[in-house]
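Next comes query-v1.cif, a file with mmCIF, C-alpha atoms and all ligand atoms; chains and numbers go by the auth columns.
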```
data_query
loop_
_atom_site.group_PDB
_atom_site.id
_atom_site.type_symbol
_atom_site.label_atom_id
_atom_site.label_comp_id
_atom_site.label_asym_id
_atom_site.label_seq_id
_atom_site.Cartn_x
_atom_site.Cartn_y
_atom_site.Cartn_z
_atom_site.B_iso_or_equiv
_atom_site.auth_seq_id
_atom_site.auth_asym_id
ATOM 1 C CA MET A 1 0.000 0.000 0.000 0.00 11 A
ATOM 2 C CA SER A 2 1.280 3.466 -0.882 0.00 12 A
ATOM 3 C CA PHE A 3 2.064 6.058 1.731 0.00 13 A
ATOM 4 C CA LEU A 4 -0.808 8.246 0.518 0.00 14 A
ATOM 5 C CA ASP A 5 -3.351 5.438 0.786 0.00 15 A
ATOM 6 C CA GLU A 6 -2.214 4.772 4.292 0.00 16 A
ATOM 7 C CA LEU A 7 -2.409 8.452 5.208 0.00 17 A
ATOM 8 C CA GLY A 8 -5.928 8.612 3.780 0.00 18 A
ATOM 9 C CA ARG A 9 -6.972 5.650 5.871 0.00 19 A
ATOM 10 C CA GLU A 10 -5.510 7.235 8.985 0.00 20 A
ATOM 11 C CA LEU A 11 -7.368 10.471 8.310 0.00 21 A
ATOM 12 C CA SER A 12 -10.727 8.845 7.695 0.00 22 A
ATOM 13 C CA ARG A 13 -10.323 6.812 10.853 0.00 23 A
ATOM 14 C CA ALA A 14 -9.572 9.991 12.829 0.00 24 A
ATOM 15 C CA GLY A 15 -12.642 11.589 11.238 0.00 25 A
ATOM 16 C CA GLN A 16 -14.820 8.697 12.396 0.00 26 A
ATOM 17 C CA ASP A 17 -13.503 9.076 15.935 0.00 27 A
ATOM 18 C CA VAL A 18 -14.461 12.734 15.916 0.00 28 A
ATOM 19 C CA MET A 19 -17.942 11.884 14.586 0.00 29 A
ATOM 20 C CA GLN A 20 -18.497 9.291 17.296 0.00 30 A
ATOM 21 C CA GLY A 21 -17.416 11.716 20.012 0.00 31 A
ATOM 22 C CA THR A 22 -19.779 14.362 18.713 0.00 32 A
ATOM 23 C CA ARG A 23 -22.720 11.973 18.503 0.00 33 A
ATOM 24 C CA GLN A 24 -22.202 10.888 22.098 0.00 34 A
ATOM 25 C CA THR A 25 -22.223 14.504 23.266 0.00 35 A
ATOM 26 C CA VAL A 26 -25.328 15.340 21.241 0.00 36 A
ATOM 27 C CA ASP A 27 -27.210 12.321 22.638 0.00 37 A
ATOM 28 C CA ARG A 28 -26.428 13.348 26.185 0.00 38 A
ATOM 29 C CA VAL A 29 -27.477 16.924 25.521 0.00 39 A
ATOM 30 C CA LYS A 30 -30.706 15.642 23.938 0.00 40 A
ATOM 31 C CA LEU A 31 -31.477 13.420 26.926 0.00 41 A
ATOM 32 C CA THR A 32 -30.904 16.291 29.336 0.00 42 A
ATOM 33 C CA ALA A 33 -33.195 18.519 27.266 0.00 43 A
ATOM 34 C CA GLN A 34 -35.894 15.822 27.201 0.00 44 A
ATOM 35 C CA ILE A 35 -35.708 15.421 30.960 0.00 45 A
ATOM 36 C CA ALA A 36 -35.995 19.200 31.419 0.00 46 A
ATOM 37 C CA GLU A 37 -39.026 19.232 29.115 0.00 47 A
ATOM 38 C CA GLN A 38 -40.753 16.515 31.149 0.00 48 A
ATOM 39 C CA GLU A 39 -39.982 18.430 34.334 0.00 49 A
ATOM 40 C CA ARG A 40 -41.658 21.501 32.865 0.00 50 A
ATOM 41 C CA LYS A 41 -44.676 19.354 31.950 0.00 51 A
ATOM 42 C CA ILE A 42 -44.890 18.112 35.528 0.00 52 A
ATOM 43 C CA GLU A 43 -44.792 21.658 36.844 0.00 53 A
ATOM 44 C CA ARG A 44 -47.572 22.710 34.477 0.00 54 A
ATOM 45 C CA ALA A 45 -49.623 19.658 35.416 0.00 55 A
ATOM 46 C CA TYR A 46 -49.164 20.381 39.117 0.00 56 A
ATOM 47 C CA ALA A 47 -50.230 23.973 38.567 0.00 57 A
ATOM 48 C CA GLU A 48 -53.301 22.815 36.668 0.00 58 A
ATOM 49 C CA LEU A 49 -54.119 20.288 39.364 0.00 59 A
ATOM 50 C CA GLY A 50 -53.794 22.973 42.030 0.00 60 A
ATOM 51 C CA ARG A 51 -55.959 25.395 40.087 0.00 61 A
ATOM 52 C CA ARG A 52 -58.705 22.822 39.559 0.00 62 A
ATOM 53 C CA LEU A 53 -58.541 21.839 43.183 0.00 63 A
ATOM 54 C CA TYR A 54 -58.891 25.491 44.181 0.00 64 A
ATOM 55 C CA GLU A 55 -61.770 26.064 41.792 0.00 65 A
ATOM 56 C CA ALA A 56 -63.498 22.944 43.050 0.00 66 A
ATOM 57 C CA GLY A 57 -63.247 24.229 46.605 0.00 67 A
ATOM 58 C CA GLY A 58 -60.624 21.708 47.701 0.00 68 A
ATOM 59 C CA GLU A 59 -62.290 18.563 46.454 0.00 69 A
ATOM 60 C CA LEU A 60 -61.903 16.847 43.112 0.00 70 A
ATOM 61 C CA SER A 61 -63.869 13.901 41.815 0.00 71 A
ATOM 62 C CA HIS A 62 -61.839 10.732 41.402 0.00 72 A
ATOM 63 C CA GLU A 63 -62.195 11.029 37.617 0.00 73 A
ATOM 64 C CA ASP A 64 -60.896 14.587 37.596 0.00 74 A
ATOM 65 C CA TYR A 65 -58.041 13.669 39.875 0.00 75 A
ATOM 66 C CA MET A 66 -57.051 10.718 37.661 0.00 76 A
ATOM 67 C CA LEU A 67 -57.300 12.887 34.580 0.00 77 A
ATOM 68 C CA LEU A 68 -55.083 15.573 36.056 0.00 78 A
ATOM 69 C CA SER A 69 -52.546 13.324 37.750 0.00 79 A
ATOM 70 C CA GLU A 70 -52.051 10.999 34.787 0.00 80 A
ATOM 71 C CA PRO A 71 -49.753 13.351 32.854 0.00 81 A
ATOM 72 C CA ILE A 72 -47.668 13.757 36.012 0.00 82 A
ATOM 73 C CA ASP A 73 -47.264 9.992 36.416 0.00 83 A
ATOM 74 C CA LEU A 74 -46.438 9.615 32.729 0.00 84 A
ATOM 75 C CA ALA A 75 -43.854 12.386 32.849 0.00 85 A
ATOM 76 C CA TYR A 76 -42.217 10.884 35.955 0.00 86 A
ATOM 77 C CA ASP A 77 -42.062 7.488 34.246 0.00 87 A
ATOM 78 C CA LEU A 78 -40.497 9.056 31.188 0.00 88 A
ATOM 79 C CA ILE A 79 -37.929 10.928 33.267 0.00 89 A
ATOM 80 C CA GLU A 80 -37.042 7.651 34.964 0.00 90 A
ATOM 81 C CA GLN A 81 -36.508 6.014 31.569 0.00 91 A
ATOM 82 C CA LEU A 82 -34.476 8.946 30.253 0.00 92 A
ATOM 83 C CA ARG A 83 -32.289 8.945 33.367 0.00 93 A
ATOM 84 C CA GLU A 84 -31.653 5.226 32.970 0.00 94 A
ATOM 85 C CA GLU A 85 -30.787 5.752 29.329 0.00 95 A
ATOM 86 C CA SER A 86 -28.396 8.543 30.160 0.00 96 A
ATOM 87 C CA THR A 87 -26.644 6.559 32.889 0.00 97 A
ATOM 88 C CA SER A 88 -26.346 3.436 30.731 0.00 98 A
ATOM 89 C CA SER A 89 -24.749 5.529 27.980 0.00 99 A
ATOM 90 C CA ASP A 90 -22.521 6.888 30.742 0.00 100 A
ATOM 91 C CA ALA A 91 -20.556 3.635 30.851 0.00 101 A
ATOM 92 C CA ASP A 92 -16.854 4.268 30.360 0.00 102 A
ATOM 93 C CA TYR A 93 -15.155 2.947 27.255 0.00 103 A
ATOM 94 C CA CYS A 94 -11.484 2.684 26.400 0.00 104 A
ATOM 95 C CA PRO A 95 -10.612 5.588 24.065 0.00 105 A
ATOM 96 C CA MET A 96 -8.091 3.351 22.287 0.00 106 A
ATOM 97 C CA CYS A 97 -9.985 0.140 21.546 0.00 107 A
ATOM 98 C CA GLY A 98 -13.564 0.951 22.620 0.00 108 A
ATOM 99 C CA ALA A 99 -13.796 -1.876 25.156 0.00 109 A
ATOM 100 C CA ARG A 100 -16.044 -1.262 28.126 0.00 110 A
ATOM 101 C CA LEU A 101 -14.096 -0.312 31.257 0.00 111 A
ATOM 102 C CA SER A 102 -14.923 -1.617 34.695 0.00 112 A
ATOM 103 C CA GLY A 103 -15.417 1.136 37.260 0.00 113 A
ATOM 104 C CA MET A 104 -12.520 3.547 37.572 0.00 114 A
ATOM 105 C CA ALA A 105 -10.053 1.202 35.897 0.00 115 A
ATOM 106 C CA ALA A 106 -6.611 2.748 35.403 0.00 116 A
ATOM 107 C CA PHE A 107 -5.812 0.368 32.539 0.00 117 A
ATOM 108 C CA CYS A 108 -7.922 -1.135 29.787 0.00 118 A
ATOM 109 C CA SER A 109 -8.360 -4.861 30.404 0.00 119 A
ATOM 110 C CA ASN A 110 -8.616 -5.424 26.665 0.00 120 A
ATOM 111 C CA CYS A 111 -5.680 -3.548 25.129 0.00 121 A
ATOM 112 C CA GLY A 112 -3.703 -2.660 28.277 0.00 122 A
ATOM 113 C CA GLU A 113 -3.713 1.056 27.475 0.00 123 A
ATOM 114 C CA SER A 114 -3.440 3.322 30.517 0.00 124 A
ATOM 115 C CA ILE A 115 -6.623 5.314 30.858 0.00 125 A
ATOM 116 C CA GLU A 116 -6.378 9.077 31.172 0.00 126 A
ATOM 117 C CA ARG A 117 -9.334 10.796 32.686 0.00 127 A
ATOM 118 C CA CYS A 118 -10.770 14.265 32.399 0.00 128 A
ATOM 119 C CA LYS A 119 -9.852 16.313 35.460 0.00 129 A
ATOM 120 C CA THR A 120 -13.309 17.873 35.487 0.00 130 A
ATOM 121 C CA CYS A 121 -15.717 14.968 35.007 0.00 131 A
ATOM 122 C CA GLY A 122 -13.493 11.909 35.445 0.00 132 A
ATOM 123 C CA ARG A 123 -14.501 10.276 32.142 0.00 133 A
ATOM 124 C CA PRO A 124 -11.829 8.549 30.046 0.00 134 A
ATOM 125 C CA ILE A 125 -10.393 10.732 27.325 0.00 135 A
ATOM 126 C CA SER A 126 -8.071 9.996 24.456 0.00 136 A
ATOM 127 C CA LYS A 127 -4.539 11.245 25.037 0.00 137 A
ATOM 128 C CA SER A 128 -4.644 13.446 21.955 0.00 138 A
ATOM 129 C CA ALA A 129 -7.951 15.081 22.880 0.00 139 A
ATOM 130 C CA ILE A 130 -7.896 18.826 23.499 0.00 140 A
ATOM 131 C CA PHE A 131 -11.434 18.965 24.843 0.00 141 A
ATOM 132 C CA CYS A 132 -13.280 16.362 26.892 0.00 142 A
ATOM 133 C CA ASN A 133 -16.024 14.662 24.831 0.00 143 A
ATOM 134 C CA PHE A 134 -18.266 14.476 27.861 0.00 144 A
ATOM 135 C CA CYS A 135 -18.125 17.829 29.627 0.00 145 A
ATOM 136 C CA GLY A 136 -16.341 19.920 27.001 0.00 146 A
ATOM 137 C CA SER A 137 -13.648 21.218 29.333 0.00 147 A
ATOM 138 C CA ARG A 138 -10.079 21.569 28.149 0.00 148 A
ATOM 139 C CA THR A 139 -8.085 18.478 28.926 0.00 149 A
ATOM 140 C CA ASN A 140 -4.604 20.001 28.897 0.00 150 A
ATOM 141 C CA GLU A 141 -3.512 22.547 31.426 0.00 151 A
ATOM 142 C CA THR A 142 -1.554 24.821 29.116 0.00 152 A
HETATM 143 ZN ZN ZN B . -8.510 -0.650 25.277 0.00 1 B
HETATM 144 ZN ZN ZN B . -14.796 15.977 31.209 0.00 2 B
#
```
Rewrite the structure from the file as structure tokens, please.
Amino acid sequence: MSFLDELGRELSRAGQDVMQGTRQTVDRVKLTAQIAEQERKIERAYAELGRRLYEAGGELSHEDYMLLSEPIDLAYDLIEQLREESTSSDADYCPMCGARLSGMAAFCSNCGESIERCKTCGRPISKSAIFCNFCGSRTNET
């Protein structure tokens, strides 16, 4: 294989790494936004429930109560699911080989690479990274 072919392969591989890092960040941002949206829904539903309760003089029929509390239950369920999703995607992976890391492992059990972690959020970062993929803070001190 020619030098240029090899260089091209290296570059496209680096490009894929960047893409993957970006997608991970976007997903996390999206999940956080979805959770915030559900929390707003809950607040609105609570306000509505309170207003109806006030208008009804402190007593709601069971039907009304069910009707008004259902969106709150649904939103709480959804938040639960979103939180689970965001913590499961929070698993740490080796920046070199992509293997899943156990806990705060200092070395990858798959490729033996020493794992460097972001000083801000503690997630594993690739040694060449300038910014942390997870929290966006600068990874080098200079
Ligand atoms: Zn590894
Ligand atoms: Zn970080």
Work out how far atom CA of Ala85 of chain A is from atom CA of Ile45 of chain A, in Å to one decimal.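 Between atom CA of Ile45 of chain A and atom CA of Ala85 of chain A the gap works out to 8.9 Å.
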Please list as a PDB file with C-alpha atoms, in the coordinates of the input every residue within 10 Å of Arg93 of chain A, counting all atoms listed in the file and excluding residues in the same chain fewer than 6 positions away.
```
ATOM      1  CA  LEU A  41     -31.477  13.420  26.926  1.00  0.00           C
ATOM      2  CA  THR A  42     -30.904  16.291  29.336  1.00  0.00           C
ATOM      3  CA  GLN A  44     -35.894  15.822  27.201  1.00  0.00           C
ATOM      4  CA  ILE A  45     -35.708  15.421  30.960  1.00  0.00           C
ATOM      5  CA  ASP A  87     -42.062   7.488  34.246  1.00  0.00           C
ATOM      6  CA  SER A  99     -24.749   5.529  27.980  1.00  0.00           C
TER       7      SER A  99
END
```
Around ligand ZN 2 (chain B), at most 9 Å away and counting all atoms listed in the file, which residues are there? Put them as a PyMOL selection string, please. chain A and resi 127-135+141-149
Residues within 8 Å of ligand ZN 1 (chain B) (all atoms listed in the file), as a list in words?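 Result of the 8 Å neighbour search around ligand ZN 1 (chain B): Tyr103, Cys104, Pro105, Met106, Cys107, Gly108, Ala109, Phe117, Cys118, Ser119, Asn120, Cys121, Gly122 and Glu123 of chain A.
Once the PyMOL selection byres (((chain A and resi 59) around 10) and not hetatm) is applied to this file, the selection holds Glu53, Arg54, Ala55, Tyr56, Ala57, Glu58, Gly60, Arg61, Arg62, Leu63, Tyr64, Glu65, Leu70, Asp74, Tyr75, Leu77, Leu78, Ser79 and Ile82 of chain A.
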Could you turn the residues from that selection into a file that holds C-alpha atoms, as a tab-separated table (two decimals), keeping the file's coordinate frame?
```tsv
chain	number	residue	atom	x	y	z
A	53	GLU	CA	-44.79	21.66	36.84
A	54	ARG	CA	-47.57	22.71	34.48
A	55	ALA	CA	-49.62	19.66	35.42
A	56	TYR	CA	-49.16	20.38	39.12
A	57	ALA	CA	-50.23	23.97	38.57
A	58	GLU	CA	-53.30	22.82	36.67
A	60	GLY	CA	-53.79	22.97	42.03
A	61	ARG	CA	-55.96	25.40	40.09
A	62	ARG	CA	-58.70	22.82	39.56
A	63	LEU	CA	-58.54	21.84	43.18
A	64	TYR	CA	-58.89	25.49	44.18
A	65	GLU	CA	-61.77	26.06	41.79
A	70	LEU	CA	-61.90	16.85	43.11
A	74	ASP	CA	-60.90	14.59	37.60
A	75	TYR	CA	-58.04	13.67	39.88
A	77	LEU	CA	-57.30	12.89	34.58
A	78	LEU	CA	-55.08	15.57	36.06
A	79	SER	CA	-52.55	13.32	37.75
A	82	ILE	CA	-47.67	13.76	36.01
```
